[in-house]
file model_11.txt (compact mmCIF, C-alpha atoms)
# COMPACT_ATOMS: atom_id res chain seq x y z
CA MET N 1 26.17 -13.11 22.14
CA THR N 2 24.71 -10.37 19.93
CA THR N 3 21.47 -11.25 18.19
CA GLN N 4 21.60 -10.71 14.44
CA ILE N 5 18.82 -8.35 13.36
CA ASP N 6 17.03 -9.07 10.08
CA TRP N 7 16.61 -5.41 9.17
CA PRO N 8 14.79 -5.91 5.84
CA ASP N 9 12.15 -8.03 7.59
CA LEU N 10 11.93 -5.66 10.57
CA LEU N 11 11.51 -2.59 8.36
CA ALA N 12 8.92 -4.40 6.25
CA GLN N 13 6.86 -5.15 9.38
CA LEU N 14 7.19 -1.58 10.64
CA SER N 15 6.19 -0.20 7.23
CA GLU N 16 3.00 -2.25 6.91
CA PRO N 17 -0.03 0.07 6.52
CA PHE N 18 -2.34 0.46 9.49
CA PRO N 19 -5.89 -0.95 9.28
CA GLY N 20 -8.16 1.45 7.45
CA ASP N 21 -10.50 1.86 10.41
CA VAL N 22 -7.81 3.51 12.57
CA ILE N 23 -7.00 6.23 10.05
CA GLN N 24 -8.25 9.62 11.21
CA TRP N 25 -8.50 12.84 9.21
CA ARG N 26 -7.87 16.45 10.10
CA ALA N 27 -8.38 19.64 8.14
CA GLY N 28 -5.43 21.16 6.33
CA ALA N 29 -5.57 24.14 3.98
CA THR N 30 -9.06 25.47 3.26
CA SER N 31 -10.64 26.97 0.15
CA ARG N 32 -11.18 30.71 -0.10
CA ASP N 33 -14.82 30.42 0.95
CA ARG N 34 -13.79 28.14 3.86
CA LYS N 35 -16.33 25.52 2.78
CA ARG N 36 -13.82 22.94 1.59
CA ALA N 37 -10.62 21.70 3.20
CA GLN N 38 -7.80 19.30 2.52
CA ALA N 39 -8.28 16.04 4.43
CA LEU N 40 -4.96 15.01 5.96
CA PRO N 41 -4.65 11.46 7.33
CA PHE N 42 -3.09 10.61 10.67
CA VAL N 43 -2.90 7.79 13.18
CA ASP N 44 -2.85 8.02 16.99
CA PRO N 45 0.80 7.78 18.17
CA ARG N 46 -0.18 5.04 20.63
CA LEU N 47 -0.73 2.76 17.64
CA TYR N 48 2.85 3.47 16.55
CA GLU N 49 3.94 2.36 20.01
CA ASP N 50 1.77 -0.76 19.78
CA ARG N 51 3.38 -1.64 16.45
CA MET N 52 6.90 -1.33 17.86
CA ASN N 53 5.92 -3.25 20.99
CA ARG N 54 4.78 -6.07 18.73
CA VAL N 55 7.62 -6.01 16.18
CA CYS N 56 10.59 -5.15 18.42
CA PRO N 57 9.41 -5.47 22.05
CA GLY N 58 11.85 -4.06 24.58
CA ASP N 59 14.27 -2.94 21.88
CA TRP N 60 13.11 0.60 21.20
CA GLN N 61 13.14 3.84 23.16
CA VAL N 62 12.59 7.56 22.64
CA ILE N 63 14.23 10.62 24.10
CA PHE N 64 12.82 14.14 23.71
CA LYS N 65 15.05 17.19 23.83
CA PRO N 66 14.14 20.89 23.56
CA TRP N 67 15.48 22.75 20.54
CA GLY N 68 15.24 26.49 21.01
CA GLU N 69 11.94 27.91 22.23
CA SER N 70 9.58 26.43 19.65
CA ARG N 71 10.76 22.93 18.78
CA LEU N 72 11.36 19.48 20.21
CA ILE N 73 13.73 16.82 18.95
CA CYS N 74 12.66 13.19 19.21
CA GLU N 75 15.42 10.58 19.09
CA LEU N 76 14.01 7.14 18.37
CA THR N 77 16.34 4.18 18.87
CA ILE N 78 15.52 0.69 17.59
CA HIS N 79 18.11 -2.05 18.18
CA GLU N 80 20.78 0.59 18.88
CA VAL N 81 20.12 2.48 15.64
CA THR N 82 18.91 6.04 16.22
CA ARG N 83 16.92 8.31 13.95
CA ALA N 84 15.70 11.79 14.94
CA SER N 85 13.25 14.44 13.84
CA THR N 86 11.55 17.54 15.16
CA GLY N 87 8.11 18.81 16.16
CA GLU N 88 7.01 22.43 16.37
CA PHE N 89 4.99 24.37 18.93
CA ASP N 90 2.21 26.58 17.55
CA ASP N 91 0.60 29.56 19.18
CA GLY N 92 -1.83 28.73 21.97
CA ASP N 93 -1.92 26.63 25.12
CA ARG N 94 1.69 25.53 25.72
CA VAL N 95 0.64 22.30 27.43
CA ALA N 96 -1.61 21.22 24.57
CA GLN N 97 0.86 22.45 21.97
CA GLY N 98 3.66 20.63 23.75
CA THR N 99 1.72 17.38 23.48
CA ALA N 100 1.09 18.04 19.78
CA ALA N 101 4.75 18.88 19.14
CA GLU N 102 5.84 15.70 20.93
CA ALA N 103 3.47 13.57 18.85
CA GLN N 104 4.62 15.26 15.66
CA ALA N 105 8.30 14.75 16.43
CA PHE N 106 7.71 11.14 17.45
CA LYS N 107 5.79 10.23 14.30
CA ARG N 108 8.32 11.98 12.08
CA ALA N 109 11.12 10.00 13.73
CA CYS N 110 9.12 6.78 13.29
CA SER N 111 8.75 7.51 9.58
CA LYS N 112 12.53 7.33 9.23
CA PHE N 113 12.19 3.63 10.04
CA GLY N 114 9.28 3.34 7.61
CA LEU N 115 6.57 3.34 10.28
CA GLY N 116 3.65 5.46 9.07
CA ARG N 117 5.73 6.84 6.21
CA TYR N 118 3.12 5.86 3.63
CA LEU N 119 0.67 8.36 5.18
CA TYR N 120 2.69 11.16 3.59
CA GLU N 121 2.14 9.57 0.17
CA ILE N 122 -1.68 9.43 0.29
CA PRO N 123 -3.09 11.80 -2.36
CA ILE N 124 -4.62 14.92 -0.87
CA GLN N 125 -8.41 15.04 -1.14
CA TRP N 126 -10.69 18.06 -0.71
CA VAL N 127 -13.91 17.54 1.28
CA ASP N 128 -16.70 19.66 2.76
CA TYR N 129 -15.62 21.60 5.86
CA ASP N 130 -17.53 23.11 8.79
CA GLU N 131 -15.58 26.24 9.70
CA GLU N 132 -17.64 26.95 12.82
CA LYS N 133 -16.96 23.49 14.29
CA ARG N 134 -13.52 23.34 12.66
CA ARG N 135 -13.98 19.82 11.41
CA LEU N 136 -14.39 17.87 8.21
CA GLN N 137 -17.94 16.95 7.29
CA GLU N 138 -17.05 13.74 5.50
CA GLN N 139 -14.43 11.03 5.64
CA PRO N 140 -12.45 10.46 2.43
CA ALA N 141 -12.14 7.05 0.87
CA LEU N 142 -8.69 5.57 1.36
CA PRO N 143 -7.22 4.09 -1.86
CA ALA N 144 -6.82 0.31 -1.65
CA ARG N 145 -3.06 0.48 -2.15
CA PHE N 146 -2.77 2.25 1.21
CA LEU N 147 -4.58 -0.52 3.10
CA PRO N 148 -2.95 -3.64 4.55
CA ALA N 149 -3.31 -6.74 2.42
CA ALA N 150 -6.51 -8.46 3.52
CA PRO N 151 -6.75 -12.25 3.62
CA PRO N 152 -9.43 -13.48 1.20
CA SER N 153 -11.71 -14.56 4.06
CA ALA N 154 -11.82 -10.98 5.34
CA VAL N 155 -13.54 -9.73 2.19
CA PRO N 156 -16.67 -11.73 1.30
CA MET N 157 -16.67 -10.81 -2.38
CA LEU N 158 -13.07 -11.93 -2.67
CA ALA N 159 -13.51 -15.09 -0.68
CA GLU N 160 -12.75 -17.18 -3.74
CA ALA N 161 -9.52 -15.33 -4.16
CA ALA N 162 -6.20 -15.70 -5.27
CA VAL N 163 -7.26 -13.45 -8.02
CA ASP N 164 -5.21 -11.07 -10.13
CA ALA N 165 -5.66 -7.61 -8.60
CA ASP N 166 -5.36 -6.00 -12.04
CA ALA N 167 -7.87 -8.31 -13.71
CA SER N 168 -11.35 -7.00 -14.50
CA LEU N 169 -14.37 -8.42 -12.70
CA ASN N 170 -16.13 -11.12 -14.64
CA ALA N 171 -19.93 -11.23 -14.71
CA GLU N 172 -20.16 -13.60 -11.74
CA ARG N 173 -17.91 -11.49 -9.56
CA ALA N 174 -19.67 -8.29 -10.63
CA GLU N 175 -22.94 -9.81 -9.38
CA ALA N 176 -21.21 -10.72 -6.11
CA MET N 177 -20.02 -7.12 -5.87
CA LYS N 178 -23.60 -5.86 -6.34
CA ARG N 179 -24.83 -8.10 -3.54
CA GLU N 180 -22.08 -6.92 -1.20
CA LEU N 181 -22.80 -3.24 -1.90
CA GLU N 182 -26.50 -3.76 -1.23
CA LYS N 183 -25.68 -5.52 2.05
CA LEU N 184 -23.66 -2.44 3.01
CA GLY N 185 -26.57 -0.11 2.28
CA VAL N 186 -25.71 1.12 -1.22
CA ASP N 187 -28.92 1.00 -3.24
CA LYS N 188 -28.61 -0.82 -6.57
CA ASP N 189 -29.58 2.37 -8.44
CA GLU N 190 -26.65 4.17 -6.80
CA HIS N 191 -23.89 1.64 -7.49
CA ARG N 192 -22.34 3.49 -10.40
CA SER N 193 -22.52 6.90 -8.75
CA PHE N 194 -20.98 5.47 -5.57
CA VAL N 195 -18.15 3.92 -7.60
CA ALA N 196 -17.57 7.23 -9.37
CA THR N 197 -17.34 9.04 -6.03
CA VAL N 198 -14.81 6.55 -4.64
CA LEU N 199 -12.63 6.13 -7.72
CA GLY N 200 -13.04 9.57 -9.26
CA ARG N 201 -14.14 8.17 -12.62
CA ARG N 202 -17.36 6.93 -14.17
CA VAL N 203 -18.00 3.31 -15.09
CA ARG N 204 -20.64 1.81 -17.37
CA ALA N 205 -20.88 -1.38 -15.33
CA LEU N 206 -19.16 -3.08 -12.42
CA THR N 207 -17.36 -5.32 -14.92
CA ASP N 208 -15.29 -2.20 -15.76
CA LEU N 209 -13.65 -2.47 -12.33
CA SER N 210 -10.41 -4.25 -11.60
CA GLU N 211 -10.25 -6.56 -8.58
CA ALA N 212 -8.17 -3.94 -6.72
CA GLU N 213 -10.71 -1.21 -7.51
CA ALA N 214 -13.56 -3.46 -6.40
CA LEU N 215 -11.82 -3.95 -3.06
CA GLU N 216 -11.33 -0.19 -2.73
CA VAL N 217 -15.05 0.41 -3.38
CA TRP N 218 -16.04 -2.35 -0.95
CA ASN N 219 -13.86 -0.85 1.78
CA ALA N 220 -15.37 2.61 1.17
CA ALA N 221 -18.91 1.20 1.43
CA LYS N 222 -17.99 -0.61 4.64
CA ARG N 223 -16.58 2.58 6.19
CA THR N 224 -19.68 4.54 5.18
CA ARG N 225 -21.91 1.93 6.82
CA GLU N 226 -19.81 1.99 10.01
CA ASN N 227 -19.87 5.79 10.15
CA LEU N 228 -23.65 5.85 9.83
CA ALA N 229 -23.96 3.28 12.61
CA SER N 230 -21.68 5.15 15.00

call {"tool": "encode", "arguments": {"input": "model_11.txt", "output": "structure tokens"}}
result
Amino acid sequence: MTTQIDWPDLLAQLSEPFPGDVIQWRAGATSRDRKRAQALPFVDPRLYEDRMNRVCPGDWQVIFKPWGESRLICELTIHEVTRASTGEFDDGDRVAQGTAAEAQAFKRACSKFGLGRYLYEIPIQWVDYDEEKRRLQEQPALPARFLPAAPPSAVPMLAEAAVDADASLNAERAEAMKRELEKLGVDKDEHRSFVATVLGRRVRALTDLSEAEALEVWNAAKRTRENLAS
């Protein structure tokens, strides 16, 4: 007897954003003086595999096929439905480039099922770049809409929640936000400048923030604290 697949539910689970702390960033295009670079987000392909092992265990498989001299085709099959995409070799070590091309083809095929697709929609941000070390010097803040929905208990300042994400912070919640930022190492005199850096706009007071923006700022402060501790 064939099991009926609830595709809308399956695709919704595959499409769920990854936790913010697993997002990595690599340098894309650089400025003319090579001091700034586009920060492009990515996730280790093993986490894509973990997601499929959780959502559709035993019912997915991949096949890689060469395409000419410089490309690979990845065919990803989930519950007998196949989607395919390609990855390209660059100049350099063919072993390392083969691994990169395989990962690229795999993740592109996954995106056709919604998995990791949202990463292509994250606005491009420019950050300081170390050309000698070929790496970004800072980690961008990830907008809240590209993070998985957090249960209220996971975010202390929203622990009261079921709040309207578009509603502005009231005075009580703005004070809670101040306390949380200070716990995460953001000095009270730097609250507004930190918010401006994260959101790209100035605010007169924390009561100017919406609940969703407050969560975005809190997540950015938490990541900054974790990066300093690592």

call {"tool": "atom_distance", "arguments": {"input": "model_11.txt", "atom1": "atom CA of N:Leu115", "atom2": "atom CA of N:Glu16"}}
result
7.4 Å

call {"tool": "residues_around", "arguments": {"input": "model_11.txt", "residues": "N:Val43", "least_positions_apart": "6", "cutoff": "7 Å", "atoms": "all atoms listed in the file", "output": "JSON, numbers by chain"}}
result
{"N": [22, 23, 24]}

call {"tool": "closest_residue", "arguments": {"input": "model_11.txt", "among": "N:Val217, N:Ile78, N:Met52, N:Ala105", "to": "N:Trp7", "atoms": "all atoms listed in the file"}}
result
N:Ile78

call {"tool": "axis_aligned_box", "arguments": {"input": "model_11.txt", "around": "stretch 135-140 of chain N", "padding_each_side": "5 Å", "output": "AutoDock Vina command-line options"}}
result
--center_x -15.2 --center_y 15.1 --center_z 6.9 --size_x 15.5 --size_y 19.4 --size_z 19.0

call {"tool": "atom_distance", "arguments": {"input": "model_11.txt", "atom1": "atom CA of N:Arg134", "atom2": "atom CA of N:Pro41"}}
result
15.8 Å

call {"tool": "atom_distance", "arguments": {"input": "model_11.txt", "atom1": "atom CA of N:Phe106", "atom2": "atom CA of N:Gln38"}}
result
23.0 Å

call {"tool": "residues_around", "arguments": {"input": "model_11.txt", "residues": "stretch 62-73 of chain N", "least_positions_apart": "2", "cutoff": "7 Å", "atoms": "all atoms listed in the file", "output": "JSON, numbers by chain"}}
result
{"N": [75, 76, 77, 84, 85, 86, 87, 88, 89, 101, 102, 105]}

call {"tool": "write_last_selection", "arguments": {"input": "model_11.txt", "atoms": "C-alpha atoms", "output": "PDB file, in the coordinates of the input"}}
result
ATOM      1  CA  GLU N  75      15.420  10.580  19.090  1.00  0.00           C
ATOM      2  CA  LEU N  76      14.010   7.140  18.370  1.00  0.00           C
ATOM      3  CA  THR N  77      16.340   4.180  18.870  1.00  0.00           C
ATOM      4  CA  ALA N  84      15.700  11.790  14.940  1.00  0.00           C
ATOM      5  CA  SER N  85      13.250  14.440  13.840  1.00  0.00           C
ATOM      6  CA  THR N  86      11.550  17.540  15.160  1.00  0.00           C
ATOM      7  CA  GLY N  87       8.110  18.810  16.160  1.00  0.00           C
ATOM      8  CA  GLU N  88       7.010  22.430  16.370  1.00  0.00           C
ATOM      9  CA  PHE N  89       4.990  24.370  18.930  1.00  0.00           C
ATOM     10  CA  ALA N 101       4.750  18.880  19.140  1.00  0.00           C
ATOM     11  CA  GLU N 102       5.840  15.700  20.930  1.00  0.00           C
ATOM     12  CA  ALA N 105       8.300  14.750  16.430  1.00  0.00           C
TER      13      ALA N 105
END

call {"tool": "closest_atom_pairs", "arguments": {"input": "model_11.txt", "of": "stretch 47-154 of chain N", "to": "stretch 29-32 of chain N", "cutoff": "10 Å", "atoms": "all atoms listed in the file", "output": "CSV"}}
result
residue,atom,partner,partner_atom,distance
N:Trp126,CA,N:Thr30,CA,8.6
N:Val127,CA,N:Thr30,CA,9.5
N:Asp128,CA,N:Thr30,CA,9.6
N:Tyr129,CA,N:Thr30,CA,8.0
N:Glu131,CA,N:Thr30,CA,9.2

call {"tool": "closest_residue", "arguments": {"input": "model_11.txt", "among": "N:Ala221, N:Ile5, N:Ala212, N:Leu14", "to": "N:Gly114", "atoms": "all atoms listed in the file"}}
result
N:Leu14

call {"tool": "closest_residue", "arguments": {"input": "model_11.txt", "among": "N:Lys35, N:Lys107, N:Arg135, N:Lys112", "to": "N:Thr82", "atoms": "only C-alpha atoms"}}
result
N:Lys112

call {"tool": "closest_residue", "arguments": {"input": "model_11.txt", "among": "N:Phe146, N:Ala220, N:Cys74, N:Leu119", "to": "N:Leu184", "atoms": "all atoms listed in the file"}}
result
N:Ala220

call {"tool": "closest_residue", "arguments": {"input": "model_11.txt", "among": "N:Phe113, N:Tyr48, N:Tyr118, N:Trp218", "to": "N:Ala141", "atoms": "all atoms listed in the file"}}
result
N:Trp218

call {"tool": "closest_residue", "arguments": {"input": "model_11.txt", "among": "N:Leu142, N:Val81, N:Leu181, N:Val186", "to": "N:Val198", "atoms": "all atoms listed in the file"}}
result
N:Leu142

call {"tool": "residues_around", "arguments": {"input": "model_11.txt", "residues": "N:Gly200", "least_positions_apart": "2", "cutoff": "12 Å", "atoms": "all atoms listed in the file", "output": "PyMOL selection string"}}
result
chain N and resi 125+140-141+143+192-198+202-203+213+216-217
